[in-house]
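S.K.: Structure file start26.cif, mmCIF, C-alpha atoms and all ligand atoms, is pasted below:
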```cif
data_upload
loop_
_atom_site.group_PDB
_atom_site.id
_atom_site.type_symbol
_atom_site.label_atom_id
_atom_site.label_comp_id
_atom_site.auth_asym_id
_atom_site.auth_seq_id
_atom_site.Cartn_x
_atom_site.Cartn_y
_atom_site.Cartn_z
ATOM 1 C CA MET Y 1 29.936 -16.055 7.740
ATOM 2 C CA GLN Y 2 26.569 -15.160 9.259
ATOM 3 C CA LYS Y 3 24.615 -12.498 7.359
ATOM 4 C CA PRO Y 4 21.937 -10.073 8.566
ATOM 5 C CA HIS Y 5 18.345 -11.315 8.136
ATOM 6 C CA PRO Y 6 16.749 -8.919 5.603
ATOM 7 C CA LEU Y 7 13.929 -6.538 6.505
ATOM 8 C CA VAL Y 8 11.352 -5.209 4.050
ATOM 9 C CA ALA Y 9 9.619 -2.273 5.727
ATOM 10 C CA GLY Y 10 6.693 -0.203 4.487
ATOM 11 C CA ASN Y 11 6.368 3.423 5.579
ATOM 12 C CA TRP Y 12 2.810 4.571 4.956
ATOM 13 C CA LYS Y 13 3.699 8.175 5.910
ATOM 14 C CA MET Y 14 0.545 10.332 6.343
ATOM 15 C CA ASN Y 15 -1.652 7.873 4.465
ATOM 16 C CA GLY Y 16 -4.226 5.447 5.762
ATOM 17 C CA VAL Y 17 -7.566 5.344 7.568
ATOM 18 C CA THR Y 18 -9.556 2.491 9.088
ATOM 19 C CA ALA Y 19 -10.404 1.140 5.625
ATOM 20 C CA SER Y 20 -6.666 0.597 5.007
ATOM 21 C CA HIS Y 21 -6.738 -2.421 7.325
ATOM 22 C CA ALA Y 22 -7.978 -4.245 4.227
ATOM 23 C CA GLU Y 23 -4.519 -3.799 2.640
ATOM 24 C CA LEU Y 24 -2.889 -5.388 5.695
ATOM 25 C CA GLU Y 25 -5.349 -8.261 5.523
ATOM 26 C CA ALA Y 26 -4.611 -8.657 1.797
ATOM 27 C CA LEU Y 27 -0.860 -8.566 2.425
ATOM 28 C CA SER Y 28 -1.190 -11.207 5.117
ATOM 29 C CA THR Y 29 -3.093 -13.449 2.688
ATOM 30 C CA LEU Y 30 -0.460 -12.951 -0.030
ATOM 31 C CA LEU Y 31 2.319 -13.824 2.434
ATOM 32 C CA LYS Y 32 0.506 -17.034 3.322
ATOM 33 C CA THR Y 33 -0.345 -18.127 -0.214
ATOM 34 C CA ASP Y 34 2.830 -17.056 -2.055
ATOM 35 C CA SER Y 35 6.096 -18.976 -1.641
ATOM 36 C CA PRO Y 36 7.989 -18.186 1.589
ATOM 37 C CA ALA Y 37 10.164 -15.081 1.614
ATOM 38 C CA GLU Y 38 13.496 -14.970 3.452
ATOM 39 C CA CYS Y 39 12.876 -11.636 5.122
ATOM 40 C CA GLU Y 40 11.071 -9.958 7.969
ATOM 41 C CA VAL Y 41 8.043 -7.867 6.919
ATOM 42 C CA LEU Y 42 7.114 -4.626 8.667
ATOM 43 C CA ILE Y 43 4.431 -2.012 8.077
ATOM 44 C CA CYS Y 44 4.629 1.414 9.730
ATOM 45 C CA PRO Y 45 1.126 2.889 9.416
ATOM 46 C CA PRO Y 46 0.225 6.341 10.780
ATOM 47 C CA ALA Y 47 0.098 6.445 14.600
ATOM 48 C CA THR Y 48 -3.711 6.396 14.559
ATOM 49 C CA LEU Y 49 -3.662 2.863 13.097
ATOM 50 C CA ILE Y 50 -0.879 1.254 15.153
ATOM 51 C CA ALA Y 51 -3.004 -0.284 17.909
ATOM 52 C CA SER Y 52 -5.779 -1.473 15.606
ATOM 53 C CA SER Y 53 -3.286 -2.894 13.081
ATOM 54 C CA SER Y 54 -1.369 -4.707 15.779
ATOM 55 C CA ASN Y 55 -4.634 -6.056 17.218
ATOM 56 C CA MET Y 56 -5.367 -7.730 13.888
ATOM 57 C CA GLY Y 57 -2.898 -10.397 15.042
ATOM 58 C CA LEU Y 58 -1.305 -10.893 11.617
ATOM 59 C CA SER Y 59 1.682 -13.003 12.625
ATOM 60 C CA ALA Y 60 3.683 -12.493 9.402
ATOM 61 C CA ILE Y 61 3.530 -8.682 9.577
ATOM 62 C CA LYS Y 62 5.208 -6.632 12.287
ATOM 63 C CA ILE Y 63 3.857 -3.169 13.031
ATOM 64 C CA GLY Y 64 5.986 -0.082 13.572
ATOM 65 C CA ALA Y 65 5.757 3.683 14.076
ATOM 66 C CA GLN Y 66 7.142 6.546 11.976
ATOM 67 C CA ASP Y 67 8.517 8.770 14.755
ATOM 68 C CA CYS Y 68 8.546 9.254 18.533
ATOM 69 C CA HIS Y 69 9.400 11.878 21.123
ATOM 70 C CA SER Y 70 12.741 11.610 22.921
ATOM 71 C CA GLU Y 71 11.142 11.620 26.375
ATOM 72 C CA VAL Y 72 8.990 9.019 28.093
ATOM 73 C CA SER Y 73 6.127 11.348 29.089
ATOM 74 C CA GLY Y 74 5.380 14.976 29.917
ATOM 75 C CA ALA Y 75 3.981 18.262 28.674
ATOM 76 C CA HIS Y 76 4.511 17.778 24.922
ATOM 77 C CA THR Y 77 1.153 18.333 23.279
ATOM 78 C CA GLY Y 78 0.574 16.167 20.251
ATOM 79 C CA ASP Y 79 3.697 14.062 20.716
ATOM 80 C CA ILE Y 80 3.907 10.315 21.306
ATOM 81 C CA SER Y 81 6.606 8.531 23.306
ATOM 82 C CA ALA Y 82 8.309 5.260 22.441
ATOM 83 C CA VAL Y 83 6.801 3.717 25.588
ATOM 84 C CA MET Y 84 3.315 4.588 24.295
ATOM 85 C CA LEU Y 85 4.119 3.120 20.879
ATOM 86 C CA LYS Y 86 5.241 -0.092 22.517
ATOM 87 C CA ASP Y 87 2.033 -0.138 24.524
ATOM 88 C CA ALA Y 88 0.066 0.279 21.265
ATOM 89 C CA GLY Y 89 1.777 -2.793 19.806
ATOM 90 C CA ALA Y 90 4.678 -1.359 17.798
ATOM 91 C CA ASP Y 91 7.915 -3.358 17.456
ATOM 92 C CA TYR Y 92 9.896 -0.783 15.491
ATOM 93 C CA VAL Y 93 10.119 3.021 15.281
ATOM 94 C CA ILE Y 94 11.499 4.901 12.280
ATOM 95 C CA VAL Y 95 13.565 7.870 13.457
ATOM 96 C CA GLY Y 96 15.312 10.596 11.481
ATOM 97 C CA HIS Y 97 13.345 10.179 8.258
ATOM 98 C CA SER Y 98 14.386 12.945 5.863
ATOM 99 C CA GLU Y 99 10.809 14.262 5.893
ATOM 100 C CA ARG Y 100 11.103 14.724 9.680
ATOM 101 C CA ARG Y 101 14.575 16.234 9.308
ATOM 102 C CA ALA Y 102 13.248 18.696 6.687
ATOM 103 C CA ASP Y 103 9.649 19.402 7.801
ATOM 104 C CA HIS Y 104 10.378 19.506 11.546
ATOM 105 C CA ASP Y 105 13.978 20.647 11.477
ATOM 106 C CA GLU Y 106 15.168 17.530 13.306
ATOM 107 C CA SER Y 107 18.911 17.395 13.939
ATOM 108 C CA SER Y 108 21.067 14.291 14.212
ATOM 109 C CA ASP Y 109 21.501 15.108 17.934
ATOM 110 C CA LEU Y 110 17.734 14.939 18.419
ATOM 111 C CA ILE Y 111 17.591 11.702 16.433
ATOM 112 C CA ASN Y 112 20.275 10.288 18.723
ATOM 113 C CA ALA Y 113 18.053 11.100 21.727
ATOM 114 C CA LYS Y 114 15.003 9.560 20.017
ATOM 115 C CA THR Y 115 16.966 6.413 19.172
ATOM 116 C CA LYS Y 116 17.966 6.080 22.838
ATOM 117 C CA ALA Y 117 14.303 6.463 23.815
ATOM 118 C CA VAL Y 118 13.366 3.699 21.361
ATOM 119 C CA HIS Y 119 15.976 1.386 22.896
ATOM 120 C CA ASN Y 120 14.932 2.261 26.442
ATOM 121 C CA ALA Y 121 11.368 1.293 25.562
ATOM 122 C CA GLY Y 122 12.614 -2.096 24.353
ATOM 123 C CA LEU Y 123 11.849 -1.373 20.688
ATOM 124 C CA ARG Y 124 13.958 -1.420 17.548
ATOM 125 C CA ALA Y 125 14.936 1.798 15.779
ATOM 126 C CA ILE Y 126 15.222 2.291 12.038
ATOM 127 C CA VAL Y 127 17.602 5.239 11.849
ATOM 128 C CA CYS Y 128 17.421 7.039 8.510
ATOM 129 C CA VAL Y 129 20.193 8.928 6.753
ATOM 130 C CA GLY Y 130 20.538 10.317 3.240
ATOM 131 C CA GLU Y 131 21.871 13.160 1.123
ATOM 132 C CA THR Y 132 19.922 15.780 -0.826
ATOM 133 C CA ASP Y 133 20.349 16.237 -4.560
ATOM 134 C CA ALA Y 134 22.495 19.347 -4.050
ATOM 135 C CA GLU Y 135 24.766 17.433 -1.675
ATOM 136 C CA ARG Y 136 25.039 14.568 -4.150
ATOM 137 C CA VAL Y 137 25.869 16.884 -7.049
ATOM 138 C CA ALA Y 138 28.523 18.590 -4.893
ATOM 139 C CA GLY Y 139 30.138 15.171 -4.313
ATOM 140 C CA ASP Y 140 29.307 15.243 -0.592
ATOM 141 C CA THR Y 141 27.250 12.026 -0.322
ATOM 142 C CA SER Y 142 29.717 10.120 1.877
ATOM 143 C CA THR Y 143 30.475 13.059 4.154
ATOM 144 C CA VAL Y 144 26.797 13.853 4.695
ATOM 145 C CA VAL Y 145 25.617 10.269 5.157
ATOM 146 C CA LEU Y 146 28.446 9.159 7.455
ATOM 147 C CA GLY Y 147 28.231 12.430 9.392
ATOM 148 C CA GLN Y 148 24.479 11.946 10.004
ATOM 149 C CA LEU Y 149 25.066 8.316 10.887
ATOM 150 C CA LEU Y 150 27.729 8.800 13.532
ATOM 151 C CA VAL Y 151 25.864 11.559 15.354
ATOM 152 C CA SER Y 152 22.422 9.909 15.078
ATOM 153 C CA LEU Y 153 23.536 6.578 16.578
ATOM 154 C CA PRO Y 154 23.864 6.401 20.379
ATOM 155 C CA ASP Y 155 26.227 3.906 22.009
ATOM 156 C CA SER Y 156 23.202 1.755 22.932
ATOM 157 C CA CYS Y 157 22.928 0.584 19.294
ATOM 158 C CA THR Y 158 23.357 -3.100 18.530
ATOM 159 C CA SER Y 159 22.509 -5.127 15.444
ATOM 160 C CA GLU Y 160 19.491 -6.425 17.407
ATOM 161 C CA ASN Y 161 17.932 -3.072 18.272
ATOM 162 C CA THR Y 162 18.944 -0.887 15.319
ATOM 163 C CA VAL Y 163 18.481 -0.913 11.545
ATOM 164 C CA ILE Y 164 20.040 1.723 9.284
ATOM 165 C CA GLY Y 165 17.841 3.151 6.510
ATOM 166 C CA TYR Y 166 19.788 4.762 3.663
ATOM 167 C CA GLU Y 167 17.394 6.981 1.737
ATOM 168 C CA PRO Y 168 18.790 9.493 -0.764
ATOM 169 C CA VAL Y 169 16.360 12.411 -0.450
ATOM 170 C CA TRP Y 170 16.294 12.957 -4.230
ATOM 171 C CA ALA Y 171 15.131 9.370 -4.802
ATOM 172 C CA ILE Y 172 12.138 9.559 -2.443
ATOM 173 C CA GLY Y 173 8.843 9.609 -4.305
ATOM 174 C CA THR Y 174 10.523 10.705 -7.546
ATOM 175 C CA GLY Y 175 10.836 7.423 -9.437
ATOM 176 C CA LYS Y 176 14.602 8.060 -9.589
ATOM 177 C CA THR Y 177 17.079 5.682 -7.961
ATOM 178 C CA PRO Y 178 20.838 5.638 -7.678
ATOM 179 C CA THR Y 179 22.661 3.009 -9.735
ATOM 180 C CA VAL Y 180 23.091 -0.367 -8.075
ATOM 181 C CA GLU Y 181 26.841 0.370 -7.897
ATOM 182 C CA ASP Y 182 26.233 3.672 -6.098
ATOM 183 C CA VAL Y 183 23.921 1.941 -3.619
ATOM 184 C CA ALA Y 184 26.499 -0.790 -2.995
ATOM 185 C CA ASP Y 185 29.259 1.806 -2.509
ATOM 186 C CA ILE Y 186 27.469 3.885 0.107
ATOM 187 C CA HIS Y 187 26.052 0.826 1.911
ATOM 188 C CA THR Y 188 29.591 -0.558 2.100
ATOM 189 C CA GLU Y 189 30.856 2.742 3.511
ATOM 190 C CA ILE Y 190 28.063 2.586 6.099
ATOM 191 C CA ARG Y 191 29.058 -1.001 6.915
ATOM 192 C CA THR Y 192 32.674 0.023 7.438
ATOM 193 C CA ALA Y 193 31.617 2.895 9.713
ATOM 194 C CA LEU Y 194 29.461 0.482 11.747
ATOM 195 C CA THR Y 195 32.244 -2.057 12.233
ATOM 196 C CA GLU Y 196 34.678 0.719 13.175
ATOM 197 C CA ARG Y 197 32.233 1.954 15.796
ATOM 198 C CA PHE Y 198 30.585 -1.260 17.040
ATOM 199 C CA GLY Y 199 33.228 -3.889 16.299
ATOM 200 C CA GLU Y 200 32.224 -7.310 15.009
ATOM 201 C CA ASP Y 201 28.533 -6.623 15.670
ATOM 202 C CA GLY Y 202 28.700 -3.886 13.004
ATOM 203 C CA ALA Y 203 28.704 -6.634 10.380
ATOM 204 C CA MET Y 204 25.253 -7.799 11.528
ATOM 205 C CA PHE Y 205 23.317 -4.497 11.416
ATOM 206 C CA ARG Y 206 20.733 -4.442 8.663
ATOM 207 C CA ILE Y 207 21.317 -1.582 6.232
ATOM 208 C CA ILE Y 208 18.158 -1.116 4.180
ATOM 209 C CA TYR Y 209 17.724 0.991 1.041
ATOM 210 C CA GLY Y 210 14.795 3.375 0.498
ATOM 211 C CA GLY Y 211 13.791 5.667 -2.368
ATOM 212 C CA SER Y 212 11.469 4.661 -5.230
ATOM 213 C CA VAL Y 213 11.719 0.929 -4.575
ATOM 214 C CA LYS Y 214 9.164 -0.870 -6.763
ATOM 215 C CA PRO Y 215 8.452 -4.482 -7.740
ATOM 216 C CA SER Y 216 10.337 -3.821 -11.005
ATOM 217 C CA ASN Y 217 13.632 -2.687 -9.408
ATOM 218 C CA ALA Y 218 13.576 -4.435 -6.011
ATOM 219 C CA LYS Y 219 15.412 -7.594 -6.991
ATOM 220 C CA GLU Y 220 18.321 -5.706 -8.524
ATOM 221 C CA LEU Y 221 18.622 -3.209 -5.644
ATOM 222 C CA MET Y 222 18.275 -5.900 -2.962
ATOM 223 C CA ALA Y 223 21.067 -7.912 -4.588
ATOM 224 C CA ALA Y 224 23.578 -5.053 -4.142
ATOM 225 C CA LEU Y 225 26.422 -5.575 -1.703
ATOM 226 C CA ASN Y 226 25.481 -4.729 1.907
ATOM 227 C CA VAL Y 227 21.820 -4.107 1.105
ATOM 228 C CA ASP Y 228 19.797 -6.005 3.691
ATOM 229 C CA GLY Y 229 16.292 -4.993 2.736
ATOM 230 C CA ALA Y 230 14.124 -2.075 1.683
ATOM 231 C CA LEU Y 231 12.303 0.883 3.190
ATOM 232 C CA VAL Y 232 9.326 1.474 0.928
ATOM 233 C CA GLY Y 233 6.982 4.466 0.771
ATOM 234 C CA GLY Y 234 4.437 4.692 -2.040
ATOM 235 C CA ALA Y 235 4.650 1.062 -3.136
ATOM 236 C CA SER Y 236 3.895 -0.162 0.402
ATOM 237 C CA LEU Y 237 0.352 1.235 0.300
ATOM 238 C CA LYS Y 238 -0.892 -1.501 -2.030
ATOM 239 C CA ALA Y 239 -0.538 -5.082 -0.794
ATOM 240 C CA THR Y 240 0.122 -6.437 -4.289
ATOM 241 C CA ASP Y 241 2.947 -3.931 -4.960
ATOM 242 C CA PHE Y 242 4.533 -4.495 -1.575
ATOM 243 C CA ASN Y 243 4.309 -8.254 -2.036
ATOM 244 C CA GLY Y 244 6.046 -7.783 -5.393
ATOM 245 C CA ILE Y 245 8.951 -6.111 -3.572
ATOM 246 C CA ILE Y 246 9.061 -8.856 -0.935
ATOM 247 C CA ALA Y 247 9.413 -11.241 -3.900
ATOM 248 C CA ALA Y 248 13.061 -10.131 -4.134
ATOM 249 C CA TYR Y 249 13.576 -12.501 -1.178
ATOM 250 C CA ARG Y 250 11.749 -15.470 -2.666
ATOM 251 C CA ALA Y 251 13.702 -18.359 -4.173
HETATM 252 P P1 LIG W 301 9.104 6.108 -1.809
HETATM 253 O O1 LIG W 301 9.237 4.595 -1.806
HETATM 254 O O2 LIG W 301 7.702 6.562 -2.028
HETATM 255 O O3 LIG W 301 10.111 6.733 -2.712
HETATM 256 O O4 LIG W 301 9.466 6.591 -0.306
HETATM 257 C C1 LIG W 301 10.617 6.133 0.307
HETATM 258 C C2 LIG W 301 10.574 6.514 1.738
HETATM 259 O O5 LIG W 301 10.713 7.665 2.084
HETATM 260 C C3 LIG W 301 10.346 5.444 2.728
HETATM 261 O O6 LIG W 301 10.617 5.867 4.024
#
```
Would you put the structure from the file into structure tokens?
M.R.:
Amino acid sequence: MQKPHPLVAGNWKMNGVTASHAELEALSTLLKTDSPAECEVLICPPATLIASSSNMGLSAIKIGAQDCHSEVSGAHTGDISAVMLKDAGADYVIVGHSERRADHDESSDLINAKTKAVHNAGLRAIVCVGETDAERVAGDTSTVVLGQLLVSLPDSCTSENTVIGYEPVWAIGTGKTPTVEDVADIHTEIRTALTERFGEDGAMFRIIYGGSVKPSNAKELMAALNVDGALVGGASLKATDFNGIIAAYRA
């Protein structure tokens, strides 16, 4: 049976200035000199660095954005549309990151509209879902994650234009991770929900894990059932660390 091609994505969050291009250059060199990795590599720098990063022409590294507005253009001061991100050279847009859901009160309905905008612009969406610690402790992980998932995904989703990012909020930037079994369980529940909704194509969506992924735990987490890559925050800022995570997909 065909399997999804893994994706290792770095989310730089609100980190990075012009000097950070050196990390992209270093990552590109590592990808060329190290043994080949069986995965796609993506970096989502802050919006200010998308065009310049994409103009570096580093063929082994795709460039993405961390958010977009749900409309194409208009009177929305400070916002950026998916069309603009495409124009700047982005291939992917992360939508529904828990930091956007929490800091900007983004609902799954809004994330659904943003995902549609990403698809309409001809880009790929990485749609993020994940439970808080309180929800986990209350035993509500499945209900919360599957609830966010079904509302956040528009009918325009296919395995080509959409990646699911499972990121338990309590594991982000904390050094804590769920057990490999817990990751496999929730990823498998997500897989089942995708095949119920999108039929056979549901089997080909990439479901990537995020939350304190490091070179030391990547191999084990990436080997879990239905884990098709990683969404990496802190450890994506340093080329050597990120390359160490990509190593999970080297022979
Ligand atoms: P950390 O890898 O720093 O835990 O962040 C994960 C994340 O939020 C990626 O989107």
S.K.: With only C-alpha atoms and all ligand atoms counted, collect every polymer residue having an atom within 9 Å of ligand LIG 301 (chain W); state the result as an NGL selection string.
M.R.: :Y and (9-13 or 66 or 94 or 97-99 or 128 or 165 or 167-177 or 209-214 or 230-236)
S.K.: Looking at all atoms listed in the file, which of Y:Leu123, Y:Ala134, Y:Ile43, Y:Met204 is the one that sits closest to Y:Lys3?
M.R.: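 Closest to Y:Lys3 of all the choices is Y:Met204.
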S.K.: Quote the spacing between atom CA of Y:Gln2 and atom CA of Y:Ala121 in Å to one decimal place.
M.R.: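 Taking atom CA of Y:Gln2 and atom CA of Y:Ala121, their separation equals 27.7 Å.
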S.K.: Applying 9 Å and all atoms listed in the file, which residues near Y:Ser54 remain after dropping the ones on its own chain fewer than 2 positions away? List them as a ChimeraX atom specification.
M.R.: /Y:49-52,56-58,61-64,88-90
S.K.: Do you know which residues are at most 12 Å from Y:Thr192 counting all atoms listed in the file, after dropping those on the same chain fewer than 5 positions away, and could you put them as an mmCIF file with C-alpha atoms, keeping the file's coordinate frame?
M.R.:
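Produced file part_34.cif, reproduced below:
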```
data_model
loop_
_atom_site.group_PDB
_atom_site.id
_atom_site.type_symbol
_atom_site.label_atom_id
_atom_site.label_comp_id
_atom_site.auth_asym_id
_atom_site.auth_seq_id
_atom_site.Cartn_x
_atom_site.Cartn_y
_atom_site.Cartn_z
ATOM 1 C CA SER Y 142 29.717 10.120 1.877
ATOM 2 C CA LEU Y 146 28.446 9.159 7.455
ATOM 3 C CA LEU Y 149 25.066 8.316 10.887
ATOM 4 C CA LEU Y 150 27.729 8.800 13.532
ATOM 5 C CA ASP Y 185 29.259 1.806 -2.509
ATOM 6 C CA ILE Y 186 27.469 3.885 0.107
ATOM 7 C CA HIS Y 187 26.052 0.826 1.911
ATOM 8 C CA ARG Y 197 32.233 1.954 15.796
ATOM 9 C CA PHE Y 198 30.585 -1.260 17.040
ATOM 10 C CA GLY Y 199 33.228 -3.889 16.299
ATOM 11 C CA GLU Y 200 32.224 -7.310 15.009
ATOM 12 C CA ASP Y 201 28.533 -6.623 15.670
ATOM 13 C CA GLY Y 202 28.700 -3.886 13.004
ATOM 14 C CA ALA Y 203 28.704 -6.634 10.380
ATOM 15 C CA MET Y 204 25.253 -7.799 11.528
ATOM 16 C CA PHE Y 205 23.317 -4.497 11.416
ATOM 17 C CA ILE Y 207 21.317 -1.582 6.232
ATOM 18 C CA ASN Y 226 25.481 -4.729 1.907
#
```
S.K.: Can you list what the PyMOL selection byres (((chain Y and resi 18) around 9) and not hetatm) grabs from this structure, as number ranges by chain?
M.R.: Y: 16-17, 19-22, 48-49, 52
S.K.: Work out how far apart atom CA of Y:Val163 and atom CA of Y:Gly130 are and give it in Å to one decimal.
M.R.: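 Separating atom CA of Y:Val163 from atom CA of Y:Gly130 is a distance of 14.1 Å.
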S.K.: Extract, using all atoms listed in the file, all DNA, RNA and protein residues at most 12 Å from Y:Pro36, discarding same-chain residues fewer than 5 positions from it, and format them as a PyMOL selection string.
M.R.: chain Y and resi 30-31+41+60+243+246-251
S.K.: Counting all atoms listed in the file, which residue out of Y:Met14, Y:Val8, Y:Ala138, Y:Ala102 sits closest to Y:Ile126?
M.R.: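 Checking each of Y:Met14, Y:Val8, Y:Ala138, Y:Ala102 against Y:Ile126, counting all atoms listed in the file, the winner is Y:Val8.
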